Amino acid sequence: MGLFSKKSLELLMREADGTDGEPTLKRTLGALNLTLLGIGAIIGAGIFVLTGTAAAQYAGPAIVLSFVLAGTGCLFAGLCYAEFASMIPIAGSAYTYGYATLGELVAWIIGWDLILEYLFAASTVSVGWSGYFTSFLRDYTGLNLPAALTNAPFSVEGTHTLVASGAIINLPAMFLVAILTTLLVVGIQESARINNIIVFVKVTIVFLVIGFGFMYVRPENWQPFIPPNQGEFGQFGLSGVVRAAGVIFFAYIGFDAVSTAAQEAKNPQRDLPIGILASLTICTILYILMARVMTGVAHFSELNVPDPVYVAIAKAGPGLEWLKPLIGIGAIAGLASVVLVMLLGQPRIFYAMARDGLLPAVFGRVHPKYNTPHISTIITGGFAMVVAGLFPIGLLGELVSIGTLLAFVIVSAGVLVLRYQQPNLHRPFRTPLVPLVPILSILICGYMMYGLPPDTWFRLLIWLALGLAIYFLYGRRHSKVQAAERAGTIY
């Protein structure tokens with residue numbers, strides 16, 4: 001009862017089948033669409049931005065070990081996600097899984113985490129896209145967009161203070177969010193088709209960089225493989241590998257987005273596990289190979305720049321000069337598809353929470369023609385536009401990472417709880433080696449959280465405090481589950 005009330009699996013299945021009397025989302029996505037959706041979200045900032053900065057600041061050439069650590073944690077978490085996604089194939093992702101297993105309060109915390117993950121990640125990546133887009137226009141078309149219209153009017157002084165930057169607004173970032181929001185309102189299938197094209201383009205370019213880049217690797221750049229620690233946790237050494245794993249974890253949040261589209265999958269019991277695990281495996285391999293090439297072609301100390309792939313290719317000399325414009329196209333396409341999937345995921349979290357009464361009903365409305373959560377999509381896009389246009393998002397990558405890691409820990413714990421409480425439930429996909437896999441997921445993700453800076457933990461606590469205030473002031477009072485329990489019925 002109360003804070004730990006659970007949503008019945010019977011009702012969740014009626015919602016998934018559309019037999020609960022509520023308007024539902026349109027099932028149009030197959031296994032290939034879901035896999036490409038995951039790749040669309042994962043291949044982006046991780047390769048084009050974070051790999052270089054994490055190598056330069058924390059891990060050196062051992063950044064490949066950071067990707068192995070982060071990828072392993074994601075694999076274990078992905079196996080837990082796959083079990084839940086096949087059992088409970090409706091919108092809401094980890095929020096819905098938590099509601100069914102650990103109770104309403106835990107579900108709210110996960111849902112609030114996911115808002116942090118998707119909404120702010122969309123804003124952050126769109127700002128990165130703006131930088132690549134304006135640079136590409138300048139370098140290859142000669143068009144110089146005014147700096148006042150391509151940068152935020154505020155910059156960060158230290159870690160907390162906002163100061164005026166002299167710019168007016170970041171128009172390219174806002175324009176990207178507006179276009180993608182419109183596309184998502186029109187339909188999930190149309191959005192998936194655009195994403196499929198973008199994924200093909202950027203993965204092809206990543207293969208070109210890996211294939212030709214290996215020809216220009218200088219092995220001396222990999223020495224020492226693990227640079228000695230500088231006397232502080234996270235500054236190289238083994239602790240640097242852990243710190244870098246926590247930072248680059250931001251690059252892996254895409255596989256989680258696959259599960260938010262569960263209610264739009266044609267055959268979710270089969271296709272969701274395929275989409276989650278296939279996209280995660282493919283992208284982990286590409287990340288490791290890309291990191292190996294970048295730190296082999298250029299010394300890791302030279303990669304602490306907004307465009308590390310450009311820097312690495314430039315170090316190869318004129319032999320790879322032809323790759324530069326393709327890298328620009330790949331970065332622009334890659335970052336755009338990440339924003340697309342983030343903007344797709346967040347409204348579906350809102351949609352699920354609103355249907356349970358924890359958010360106002362307007363967030364759960366479905367468009368009568370397009371069968372998309374159009375109101376929450378517009379609200380998400382509008383907020384993301386404002387954040388992208390006005391604010392710099394200095395350490396948001398780390399903040400998004402810690403929120404996502406917390407959600408993964410809770411989902412993994414949920415698998416253990418449900419296996420113990422209801423061992424005979426039908427599970428189309430079963431996480432192997434339970435309890436070992438969920439426990440390893442909890443330990444690895446928890447260890448990566450430990451490796452993140454104290455400021456990141458502080459900001460997470462502030463975000464959670466704000467979320468709990470909203471829950472106790474609104475969500476708990478309007479919860480349909482608690483209302484049903486008070487009435488003596490099952491919701």
# chains A, B, ... in the order shown; residues from 1 in each chain; ligands from 1

$ residues_around --residues "segment 115-118 of chain A" --least-positions-apart "3" --cutoff "7 Å" --atoms "only C-alpha atoms" --output "PDB file with N, CA and C atoms, in the first residue's frame"
ATOM      1  N   GLY A 111      11.598   7.104 -13.168  1.00  0.00           N
ATOM      2  CA  GLY A 111      11.018   7.972 -14.193  1.00  0.00           C
ATOM      3  C   GLY A 111      11.630   9.361 -14.165  1.00  0.00           C
ATOM      4  N   TRP A 112      11.853   9.890 -12.977  1.00  0.00           N
ATOM      5  CA  TRP A 112      12.472  11.214 -12.842  1.00  0.00           C
ATOM      6  C   TRP A 112      13.908  11.182 -13.360  1.00  0.00           C
ATOM      7  N   ALA A 121      19.746  15.246 -22.221  1.00  0.00           N
ATOM      8  CA  ALA A 121      20.695  14.708 -23.203  1.00  0.00           C
ATOM      9  C   ALA A 121      20.387  15.248 -24.596  1.00  0.00           C
ATOM     10  N   ALA A 122      19.100  15.366 -24.919  1.00  0.00           N
ATOM     11  CA  ALA A 122      18.724  15.923 -26.225  1.00  0.00           C
ATOM     12  C   ALA A 122      19.248  17.345 -26.373  1.00  0.00           C
ATOM     13  N   MET A 342      16.519  10.606 -28.436  1.00  0.00           N
ATOM     14  CA  MET A 342      16.270  11.166 -27.103  1.00  0.00           C
ATOM     15  C   MET A 342      14.902  11.860 -27.057  1.00  0.00           C
ATOM     16  N   LEU A 343      14.587  12.611 -28.103  1.00  0.00           N
ATOM     17  CA  LEU A 343      13.288  13.287 -28.165  1.00  0.00           C
ATOM     18  C   LEU A 343      12.149  12.290 -28.357  1.00  0.00           C
ATOM     19  N   GLY A 345      12.262   9.165 -26.905  1.00  0.00           N
ATOM     20  CA  GLY A 345      12.138   8.431 -25.647  1.00  0.00           C
ATOM     21  C   GLY A 345      11.416   9.196 -24.561  1.00  0.00           C
ATOM     22  N   GLN A 346      11.753  10.486 -24.397  1.00  0.00           N
ATOM     23  CA  GLN A 346      11.201  11.237 -23.270  1.00  0.00           C
ATOM     24  C   GLN A 346       9.670  11.336 -23.265  1.00  0.00           C
ATOM     25  N   VAL A 400      23.950  13.133 -16.619  1.00  0.00           N
ATOM     26  CA  VAL A 400      23.074  12.191 -17.314  1.00  0.00           C
ATOM     27  C   VAL A 400      23.559  10.761 -17.078  1.00  0.00           C
ATOM     28  N   GLY A 403      22.529   9.474 -13.557  1.00  0.00           N
ATOM     29  CA  GLY A 403      21.109   9.176 -13.498  1.00  0.00           C
ATOM     30  C   GLY A 403      20.771   7.882 -14.208  1.00  0.00           C
ATOM     31  N   THR A 404      21.394   7.662 -15.360  1.00  0.00           N
ATOM     32  CA  THR A 404      21.148   6.437 -16.124  1.00  0.00           C
ATOM     33  C   THR A 404      21.675   5.219 -15.382  1.00  0.00           C
TER      34      THR A 404
END

$ residues_around --residues "Ala31 of chain A" --least-positions-apart "2" --cutoff "8 Å" --atoms "only C-alpha atoms" --output "list of chain:residue names"
A:Leu29, A:Asn33, A:Leu34, A:Thr35, A:Arg270, A:Asp271, A:Leu272, A:Ile274, A:Gly275

$ write_last_selection --atoms "C-alpha atoms" --output "PDB file, in the first residue's frame"
ATOM      1  CA  LEU A  29       8.478  -1.243 -35.550  1.00  0.00           C
ATOM      2  CA  ASN A  33      13.975  -0.811 -36.801  1.00  0.00           C
ATOM      3  CA  LEU A  34      14.580  -1.265 -33.070  1.00  0.00           C
ATOM      4  CA  THR A  35      18.217  -2.274 -33.570  1.00  0.00           C
ATOM      5  CA  ARG A 270      10.869 -11.262 -29.733  1.00  0.00           C
ATOM      6  CA  ASP A 271      12.011  -7.958 -31.220  1.00  0.00           C
ATOM      7  CA  LEU A 272      12.813  -5.921 -28.107  1.00  0.00           C
ATOM      8  CA  ILE A 274      17.033  -8.421 -30.265  1.00  0.00           C
ATOM      9  CA  GLY A 275      17.005  -4.631 -30.616  1.00  0.00           C
TER      10      GLY A 275
END

$ residues_around --residues "segment 173-188 of chain A" --least-positions-apart "5" --cutoff "10 Å" --atoms "only C-alpha atoms" --output "number ranges by chain"
A: 25-29, 122-131, 133, 150-152, 193-194, 261, 264, 336-337, 339-341, 343-344, 347, 366-367, 369-390

$ closest_residue --among "A:Ala59, A:Leu452, A:Val206, A:Lys7" --to "Glu485 of chain A" --atoms "only C-alpha atoms"
A:Lys7

$ closest_residue --among "A:Leu418, A:Val247, A:Ala487, A:Ile43" --to "Thr456 of chain A" --atoms "only C-alpha atoms"
A:Val247

$ residues_around --residues "Phe255 of chain A" --least-positions-apart "2" --cutoff "12 Å" --atoms "only C-alpha atoms" --output "number ranges by chain"
A: 34-43, 71, 74-75, 77-79, 81-82, 85, 93-94, 249-253, 257-261, 272-284, 338, 341-342, 345, 404, 408
